[in-house]
Amino acid sequence: MGGDFAPQATIAGAILAYSELPQNVTIVLIGDKETILSELAKNGASSDNFEIVHAPEVISMGEHPTKAFTQKPNSSISVGFKLLKKNEIDAFSSAGNTGAMLVGSIYTINAVPGILRPCTTTILPKENGSVGILLDVGTLPDCKPDIMYQFAILGSIYAQNVLNIDNPKVGLLNIGEEEEKGNILCQSTYKLMKDTKDFNFIGNIEARDLFKEKADVYVCDGFTGNIILKNTEAVYRMMAKRGLTDEYFERFNYENYGGTPILGINSTVLIGHGISNAKAIKNMIILSKEVHEAKLSQKITTALQKFIQIEPETSK
């Protein structure tokens, strides 16, 4: 029920995903049952192809995330996280209220032990045909060096296991390549990363190199990352409107990627763009399957154990 064009775009996207996913994969539609059945009928799709979970309440895009999540326990977002926590679903995706999705991830699913703050990422199409990733892109506008250090670890694990990039190169986004460049955050983060063996750090990277081959993972605070993300989207829309796009620039279309996983939590949760159309929803659902099968949360836990002492849970 979340997103600017829900439920029409959401259900149309689910129908497209059903046609592309293996038959052993079940798509669960969470929302008002009568609305879902009506939309499926309009699209000529059988309700037998989906599992439907009734959730009559809706968290709108403008509501306060924490209040809405707690005050609307029967919303599609709240119900989705309950199902995820009970392992009744393997992955949960939504193009709805981003803040509510983050609240549900942190307080219902919880962060991987040792993770200071979860984050989100976006794909960066490179000129040579490959891709890189940028993180964080808005989850944490204010960061500290140790959090940025963990972003690099999370990005490396995602690049290796989902994007199949061997030994990904990690760059710290800065206003210059020299070690002493940048603000206090970047300078302090560089010192932490400089001699690390936890990931393949290659030094500072400038924004003009984001789409080149210098690095595979670009680390920045959420404030900077979100500005870059929104600016890139704006440039793509402006070029497309003027008919200036080509095969390379078409790769900047958010519809091709659908959504982004929240990295650092104990399950698979993806957040989609609020303006997601059917194609974007389809690709978000397919990506959620790939992220789940990559077992990211388990691999993140294993990676953190190398340098963070995680206390084992005691039985009661």
# chains A, B, ... in the order shown; residues from 1 in each chain; ligands from 1
call {"tool": "residues_around", "arguments": {"residues": "Glu213 of chain A", "least_positions_apart": "2", "cutoff": "10 Å", "atoms": "only C-alpha atoms", "output": "JSON, numbers by chain"}}
result
{"A": [126, 127, 128, 129, 130, 131, 132, 169, 209, 210, 211, 215, 216]}
call {"tool": "residues_around", "arguments": {"residues": "segment 146-160 of chain A", "least_positions_apart": "2", "cutoff": "8 Å", "atoms": "only C-alpha atoms", "output": "PDB file with N, CA and C atoms, in the first residue's frame"}}
result
ATOM      1  N   ILE A 115      27.140  -3.890  14.557  1.00  0.00           N
ATOM      2  CA  ILE A 115      26.880  -2.784  13.628  1.00  0.00           C
ATOM      3  C   ILE A 115      26.435  -1.560  14.423  1.00  0.00           C
ATOM      4  N   LEU A 116      27.099  -0.433  14.187  1.00  0.00           N
ATOM      5  CA  LEU A 116      26.756   0.800  14.881  1.00  0.00           C
ATOM      6  C   LEU A 116      25.493   1.423  14.307  1.00  0.00           C
ATOM      7  N   ARG A 117      25.431   1.518  12.988  1.00  0.00           N
ATOM      8  CA  ARG A 117      24.246   2.061  12.317  1.00  0.00           C
ATOM      9  C   ARG A 117      24.068   1.390  10.956  1.00  0.00           C
ATOM     10  N   CYS A 119      22.770   1.131   7.008  1.00  0.00           N
ATOM     11  CA  CYS A 119      22.828   2.162   5.972  1.00  0.00           C
ATOM     12  C   CYS A 119      22.180   1.662   4.694  1.00  0.00           C
ATOM     13  N   THR A 121      22.318   2.001   0.183  1.00  0.00           N
ATOM     14  CA  THR A 121      23.270   2.204  -0.901  1.00  0.00           C
ATOM     15  C   THR A 121      22.546   2.399  -2.221  1.00  0.00           C
ATOM     16  N   GLY A 132      29.332   0.296  -9.695  1.00  0.00           N
ATOM     17  CA  GLY A 132      29.882   0.474  -8.356  1.00  0.00           C
ATOM     18  C   GLY A 132      28.741   0.807  -7.429  1.00  0.00           C
ATOM     19  N   ILE A 133      29.028   1.023  -6.149  1.00  0.00           N
ATOM     20  CA  ILE A 133      27.976   1.404  -5.213  1.00  0.00           C
ATOM     21  C   ILE A 133      28.424   2.571  -4.347  1.00  0.00           C
ATOM     22  N   LEU A 134      27.452   3.383  -3.964  1.00  0.00           N
ATOM     23  CA  LEU A 134      27.671   4.544  -3.100  1.00  0.00           C
ATOM     24  C   LEU A 134      26.886   4.338  -1.819  1.00  0.00           C
ATOM     25  N   LEU A 135      27.527   4.562  -0.681  1.00  0.00           N
ATOM     26  CA  LEU A 135      26.840   4.462   0.598  1.00  0.00           C
ATOM     27  C   LEU A 135      27.521   5.355   1.628  1.00  0.00           C
ATOM     28  N   ASP A 136      26.734   5.940   2.484  1.00  0.00           N
ATOM     29  CA  ASP A 136      25.304   5.892   2.695  1.00  0.00           C
ATOM     30  C   ASP A 136      24.627   6.928   1.794  1.00  0.00           C
ATOM     31  N   CYS A 143      27.497  11.531  10.551  1.00  0.00           N
ATOM     32  CA  CYS A 143      28.291  10.322  10.775  1.00  0.00           C
ATOM     33  C   CYS A 143      29.510  10.591  11.639  1.00  0.00           C
ATOM     34  N   LYS A 144      30.077   9.499  12.127  1.00  0.00           N
ATOM     35  CA  LYS A 144      31.355   9.531  12.809  1.00  0.00           C
ATOM     36  C   LYS A 144      32.314   8.603  12.064  1.00  0.00           C
ATOM     37  N   VAL A 162      26.648  -9.680  -3.983  1.00  0.00           N
ATOM     38  CA  VAL A 162      25.484  -9.401  -4.820  1.00  0.00           C
ATOM     39  C   VAL A 162      25.904  -8.948  -6.220  1.00  0.00           C
ATOM     40  N   LEU A 163      26.928  -8.099  -6.275  1.00  0.00           N
ATOM     41  CA  LEU A 163      27.395  -7.594  -7.568  1.00  0.00           C
ATOM     42  C   LEU A 163      28.518  -8.433  -8.152  1.00  0.00           C
ATOM     43  N   ASN A 164      28.999  -9.413  -7.382  1.00  0.00           N
ATOM     44  CA  ASN A 164      30.047 -10.341  -7.839  1.00  0.00           C
ATOM     45  C   ASN A 164      31.336  -9.628  -8.255  1.00  0.00           C
ATOM     46  N   ILE A 165      31.733  -8.626  -7.463  1.00  0.00           N
ATOM     47  CA  ILE A 165      32.987  -7.910  -7.692  1.00  0.00           C
ATOM     48  C   ILE A 165      34.055  -8.506  -6.785  1.00  0.00           C
ATOM     49  N   ASP A 166      35.092  -9.043  -7.375  1.00  0.00           N
ATOM     50  CA  ASP A 166      36.159  -9.684  -6.597  1.00  0.00           C
ATOM     51  C   ASP A 166      37.073  -8.633  -5.971  1.00  0.00           C
ATOM     52  N   ASN A 167      37.283  -8.727  -4.655  1.00  0.00           N
ATOM     53  CA  ASN A 167      38.158  -7.811  -3.927  1.00  0.00           C
ATOM     54  C   ASN A 167      37.868  -6.351  -4.286  1.00  0.00           C
ATOM     55  N   PRO A 168      36.639  -5.863  -4.028  1.00  0.00           N
ATOM     56  CA  PRO A 168      36.239  -4.517  -4.444  1.00  0.00           C
ATOM     57  C   PRO A 168      37.127  -3.418  -3.859  1.00  0.00           C
ATOM     58  N   LYS A 169      37.406  -2.433  -4.693  1.00  0.00           N
ATOM     59  CA  LYS A 169      38.227  -1.289  -4.274  1.00  0.00           C
ATOM     60  C   LYS A 169      37.336  -0.263  -3.577  1.00  0.00           C
ATOM     61  N   VAL A 170      37.753   0.153  -2.383  1.00  0.00           N
ATOM     62  CA  VAL A 170      36.960   1.083  -1.577  1.00  0.00           C
ATOM     63  C   VAL A 170      37.610   2.459  -1.584  1.00  0.00           C
ATOM     64  N   THR A 189      38.351   9.731   9.186  1.00  0.00           N
ATOM     65  CA  THR A 189      37.989   8.444   8.602  1.00  0.00           C
ATOM     66  C   THR A 189      39.147   7.881   7.793  1.00  0.00           C
ATOM     67  N   LEU A 192      41.559   6.057   9.939  1.00  0.00           N
ATOM     68  CA  LEU A 192      41.081   4.734  10.339  1.00  0.00           C
ATOM     69  C   LEU A 192      41.247   3.719   9.217  1.00  0.00           C
ATOM     70  N   MET A 193      40.995   4.157   7.989  1.00  0.00           N
ATOM     71  CA  MET A 193      41.005   3.246   6.846  1.00  0.00           C
ATOM     72  C   MET A 193      42.406   3.001   6.283  1.00  0.00           C
ATOM     73  N   ASP A 198      40.743  -4.988   6.591  1.00  0.00           N
ATOM     74  CA  ASP A 198      39.356  -5.458   6.555  1.00  0.00           C
ATOM     75  C   ASP A 198      38.698  -5.254   5.196  1.00  0.00           C
ATOM     76  N   PHE A 199      39.261  -4.376   4.380  1.00  0.00           N
ATOM     77  CA  PHE A 199      38.760  -4.150   3.027  1.00  0.00           C
ATOM     78  C   PHE A 199      39.872  -3.508   2.210  1.00  0.00           C
ATOM     79  N   ASP A 216      35.214   0.690  -6.590  1.00  0.00           N
ATOM     80  CA  ASP A 216      33.964  -0.051  -6.721  1.00  0.00           C
ATOM     81  C   ASP A 216      32.966   0.339  -5.641  1.00  0.00           C
ATOM     82  N   VAL A 217      33.492   0.732  -4.492  1.00  0.00           N
ATOM     83  CA  VAL A 217      32.665   1.133  -3.355  1.00  0.00           C
ATOM     84  C   VAL A 217      33.075   2.543  -2.943  1.00  0.00           C
ATOM     85  N   TYR A 218      32.102   3.450  -2.885  1.00  0.00           N
ATOM     86  CA  TYR A 218      32.374   4.841  -2.520  1.00  0.00           C
ATOM     87  C   TYR A 218      31.684   5.128  -1.189  1.00  0.00           C
ATOM     88  N   VAL A 219      32.454   5.542  -0.202  1.00  0.00           N
ATOM     89  CA  VAL A 219      31.930   5.743   1.149  1.00  0.00           C
ATOM     90  C   VAL A 219      31.774   7.229   1.432  1.00  0.00           C
ATOM     91  N   CYS A 220      30.611   7.606   1.981  1.00  0.00           N
ATOM     92  CA  CYS A 220      30.379   8.995   2.384  1.00  0.00           C
ATOM     93  C   CYS A 220      29.289   9.017   3.452  1.00  0.00           C
ATOM     94  N   ASP A 221      29.082  10.179   4.070  1.00  0.00           N
ATOM     95  CA  ASP A 221      27.979  10.313   5.019  1.00  0.00           C
ATOM     96  C   ASP A 221      26.666  10.388   4.256  1.00  0.00           C
ATOM     97  N   LEU A 263      21.530  -2.276   4.683  1.00  0.00           N
ATOM     98  CA  LEU A 263      22.673  -3.106   5.052  1.00  0.00           C
ATOM     99  C   LEU A 263      22.960  -3.010   6.544  1.00  0.00           C
ATOM    100  N   GLY A 264      23.203  -4.164   7.155  1.00  0.00           N
ATOM    101  CA  GLY A 264      23.571  -4.188   8.565  1.00  0.00           C
ATOM    102  C   GLY A 264      22.475  -4.634   9.497  1.00  0.00           C
ATOM    103  N   LEU A 296      23.370 -12.075   2.995  1.00  0.00           N
ATOM    104  CA  LEU A 296      24.182 -10.912   3.361  1.00  0.00           C
ATOM    105  C   LEU A 296      24.327 -10.743   4.866  1.00  0.00           C
ATOM    106  N   LYS A 299      26.828 -13.090   6.286  1.00  0.00           N
ATOM    107  CA  LYS A 299      28.193 -12.772   5.869  1.00  0.00           C
ATOM    108  C   LYS A 299      28.703 -11.507   6.544  1.00  0.00           C
ATOM    109  N   ILE A 300      27.810 -10.571   6.798  1.00  0.00           N
ATOM    110  CA  ILE A 300      28.196  -9.358   7.522  1.00  0.00           C
ATOM    111  C   ILE A 300      28.585  -9.710   8.955  1.00  0.00           C
ATOM    112  N   ALA A 303      31.996 -11.288   8.898  1.00  0.00           N
ATOM    113  CA  ALA A 303      33.049 -10.297   8.645  1.00  0.00           C
ATOM    114  C   ALA A 303      33.334  -9.461   9.872  1.00  0.00           C
TER     115      ALA A 303
END
call {"tool": "closest_residue", "arguments": {"among": "A:Asn266, A:Thr122, A:Asn204, A:Asn24", "to": "Lys230 of chain A", "atoms": "only C-alpha atoms"}}
result
A:Thr122
call {"tool": "residues_around", "arguments": {"residues": "Val28 of chain A", "least_positions_apart": "6", "cutoff": "8 Å", "atoms": "only C-alpha atoms", "output": "mmCIF file with N, CA and C atoms, in the first residue's frame"}}
result
data_model
loop_
_atom_site.group_PDB
_atom_site.id
_atom_site.type_symbol
_atom_site.label_atom_id
_atom_site.label_comp_id
_atom_site.auth_asym_id
_atom_site.auth_seq_id
_atom_site.Cartn_x
_atom_site.Cartn_y
_atom_site.Cartn_z
ATOM 1 N N PHE A 50 -0.638 -15.534 -5.856
ATOM 2 C CA PHE A 50 -0.046 -14.759 -4.764
ATOM 3 C C PHE A 50 -0.613 -15.201 -3.419
ATOM 4 N N GLU A 51 0.142 -14.920 -2.388
ATOM 5 C CA GLU A 51 -0.369 -15.059 -1.028
ATOM 6 C C GLU A 51 -0.760 -13.672 -0.557
ATOM 7 N N ILE A 52 -1.952 -13.523 -0.017
ATOM 8 C CA ILE A 52 -2.455 -12.210 0.382
ATOM 9 C C ILE A 52 -2.612 -12.165 1.903
ATOM 10 N N VAL A 53 -2.031 -11.142 2.515
ATOM 11 C CA VAL A 53 -2.145 -10.932 3.961
ATOM 12 C C VAL A 53 -2.873 -9.604 4.182
ATOM 13 N N ILE A 89 8.109 -14.746 6.108
ATOM 14 C CA ILE A 89 8.590 -14.311 4.804
ATOM 15 C C ILE A 89 10.108 -14.181 4.909
#
call {"tool": "residues_around", "arguments": {"residues": "segment 286-291 of chain A", "least_positions_apart": "5", "cutoff": "8 Å", "atoms": "only C-alpha atoms", "output": "PyMOL selection string"}}
result
chain A and resi 17+21+91-93+162+257-259+261+268-270+296
call {"tool": "select_by_dssp", "arguments": {"residues": "segment 54-254 of chain A", "states": "helix (DSSP H, G or I)", "output": "JSON, numbers by chain"}}
result
{"A": [65, 66, 67, 68, 69, 70, 71, 76, 77, 78, 79, 80, 81, 82, 83, 84, 85, 98, 99, 100, 101, 102, 103, 104, 105, 106, 107, 108, 109, 145, 146, 147, 148, 149, 150, 151, 152, 153, 154, 155, 156, 157, 158, 159, 160, 161, 184, 185, 186, 187, 188, 189, 190, 191, 192, 193, 207, 208, 209, 222, 223, 224, 225, 226, 227, 228, 229, 230, 231, 232, 233, 234, 235, 236, 237, 238, 239, 240, 241, 249, 250, 251, 252, 254]}
call {"tool": "atom_distance", "arguments": {"atom1": "atom CA of Ile36 of chain A", "atom2": "atom CA of Gly62 of chain A"}}
result
22.8 Å
call {"tool": "select_by_dssp", "arguments": {"residues": "segment 34-252 of chain A", "states": "strand (DSSP E)", "output": "ChimeraX atom specification"}}
result
/A:51-54,91-94,119-125,131-135,169-173,200-205,217-219
call {"tool": "write_last_selection", "arguments": {"atoms": "C-alpha atoms", "output": "short mmCIF file (atom, residue, chain, number, x, y, z; two decimals), in the first residue's frame"}}
result
data_model
loop_
_atom_site.label_atom_id
_atom_site.label_comp_id
_atom_site.auth_asym_id
_atom_site.auth_seq_id
_atom_site.Cartn_x
_atom_site.Cartn_y
_atom_site.Cartn_z
CA GLU A 51 -0.37 -15.06 -1.03
CA ILE A 52 -2.45 -12.21 0.38
CA VAL A 53 -2.14 -10.93 3.96
CA HIS A 54 -4.82 -8.47 5.06
CA ALA A 91 12.43 -10.67 2.40
CA PHE A 92 10.32 -7.54 2.77
CA SER A 93 10.18 -4.69 0.24
CA SER A 94 8.23 -1.45 0.16
CA CYS A 119 22.83 2.16 5.97
CA THR A 120 21.49 2.21 2.42
CA THR A 121 23.27 2.20 -0.90
CA THR A 122 22.70 2.97 -4.57
CA ILE A 123 24.10 1.56 -7.80
CA LEU A 124 26.53 3.70 -9.82
CA PRO A 125 26.73 2.73 -13.52
CA VAL A 131 28.76 -0.90 -11.69
CA GLY A 132 29.88 0.47 -8.36
CA ILE A 133 27.98 1.40 -5.21
CA LEU A 134 27.67 4.54 -3.10
CA LEU A 135 26.84 4.46 0.60
CA LYS A 169 38.23 -1.29 -4.27
CA VAL A 170 36.96 1.08 -1.58
CA GLY A 171 37.31 4.84 -1.97
CA LEU A 172 36.50 7.60 0.53
CA LEU A 173 34.53 10.37 -1.19
CA ASN A 200 40.68 -2.97 -0.02
CA PHE A 201 41.05 0.76 0.70
CA ILE A 202 42.55 2.78 -2.16
CA GLY A 203 42.34 6.29 -0.67
CA ASN A 204 40.30 9.41 -1.37
CA ILE A 205 38.09 9.64 -4.46
CA VAL A 217 32.66 1.13 -3.35
CA TYR A 218 32.37 4.84 -2.52
CA VAL A 219 31.93 5.74 1.15
#
call {"tool": "residues_around", "arguments": {"residues": "Lys279 of chain A", "least_positions_apart": "2", "cutoff": "6 Å", "atoms": "only C-alpha atoms", "output": "MDAnalysis selection string"}}
result
chainID A and resid 13 255 277 281:282
call {"tool": "closest_residue", "arguments": {"among": "A:Asn87, A:Ser297, A:Thr35, A:Thr302", "to": "Pro118 of chain A", "atoms": "only C-alpha atoms"}}
result
A:Ser297
call {"tool": "atom_distance", "arguments": {"atom1": "atom CA of Asp90 of chain A", "atom2": "atom CA of Glu293 of chain A"}}
result
9.4 Å
call {"tool": "atom_distance", "arguments": {"atom1": "atom CA of Ala6 of chain A", "atom2": "atom CA of Ala41 of chain A"}}
result
15.7 Å
call {"tool": "decode", "arguments": {"residues": "segment 200-235 of chain A", "atoms": "C-alpha atoms", "output": "PDB file, in the first residue's frame"}}
result
ATOM      1  CA  ASN A 200      40.681  -2.970  -0.019  1.00  0.00           C
ATOM      2  CA  PHE A 201      41.055   0.765   0.699  1.00  0.00           C
ATOM      3  CA  ILE A 202      42.551   2.784  -2.164  1.00  0.00           C
ATOM      4  CA  GLY A 203      42.336   6.290  -0.675  1.00  0.00           C
ATOM      5  CA  ASN A 204      40.300   9.408  -1.372  1.00  0.00           C
ATOM      6  CA  ILE A 205      38.088   9.637  -4.458  1.00  0.00           C
ATOM      7  CA  GLU A 206      36.628  12.815  -5.923  1.00  0.00           C
ATOM      8  CA  ALA A 207      33.041  13.061  -7.166  1.00  0.00           C
ATOM      9  CA  ARG A 208      34.182  13.410 -10.784  1.00  0.00           C
ATOM     10  CA  ASP A 209      35.505   9.832 -10.578  1.00  0.00           C
ATOM     11  CA  LEU A 210      32.266   8.230  -9.375  1.00  0.00           C
ATOM     12  CA  PHE A 211      31.493   6.688 -12.761  1.00  0.00           C
ATOM     13  CA  LYS A 212      35.027   5.629 -13.647  1.00  0.00           C
ATOM     14  CA  GLU A 213      37.032   2.527 -12.767  1.00  0.00           C
ATOM     15  CA  LYS A 214      39.047   3.940  -9.853  1.00  0.00           C
ATOM     16  CA  ALA A 215      36.879   2.332  -7.171  1.00  0.00           C
ATOM     17  CA  ASP A 216      33.964  -0.051  -6.721  1.00  0.00           C
ATOM     18  CA  VAL A 217      32.665   1.133  -3.355  1.00  0.00           C
ATOM     19  CA  TYR A 218      32.374   4.841  -2.520  1.00  0.00           C
ATOM     20  CA  VAL A 219      31.930   5.743   1.149  1.00  0.00           C
ATOM     21  CA  CYS A 220      30.379   8.995   2.384  1.00  0.00           C
ATOM     22  CA  ASP A 221      27.979  10.313   5.019  1.00  0.00           C
ATOM     23  CA  GLY A 222      24.260  10.083   4.288  1.00  0.00           C
ATOM     24  CA  PHE A 223      23.903  13.838   3.751  1.00  0.00           C
ATOM     25  CA  THR A 224      26.486  13.893   0.964  1.00  0.00           C
ATOM     26  CA  GLY A 225      25.293  10.611  -0.537  1.00  0.00           C
ATOM     27  CA  ASN A 226      21.670  11.705  -0.734  1.00  0.00           C
ATOM     28  CA  ILE A 227      22.603  14.935  -2.502  1.00  0.00           C
ATOM     29  CA  ILE A 228      24.630  12.975  -5.070  1.00  0.00           C
ATOM     30  CA  LEU A 229      21.772  10.493  -5.557  1.00  0.00           C
ATOM     31  CA  LYS A 230      19.110  13.180  -6.058  1.00  0.00           C
ATOM     32  CA  ASN A 231      21.361  15.244  -8.323  1.00  0.00           C
ATOM     33  CA  THR A 232      22.086  12.204 -10.504  1.00  0.00           C
ATOM     34  CA  GLU A 233      18.363  11.464 -10.786  1.00  0.00           C
ATOM     35  CA  ALA A 234      17.683  15.087 -11.740  1.00  0.00           C
ATOM     36  CA  VAL A 235      20.327  15.082 -14.470  1.00  0.00           C
TER      37      VAL A 235
END
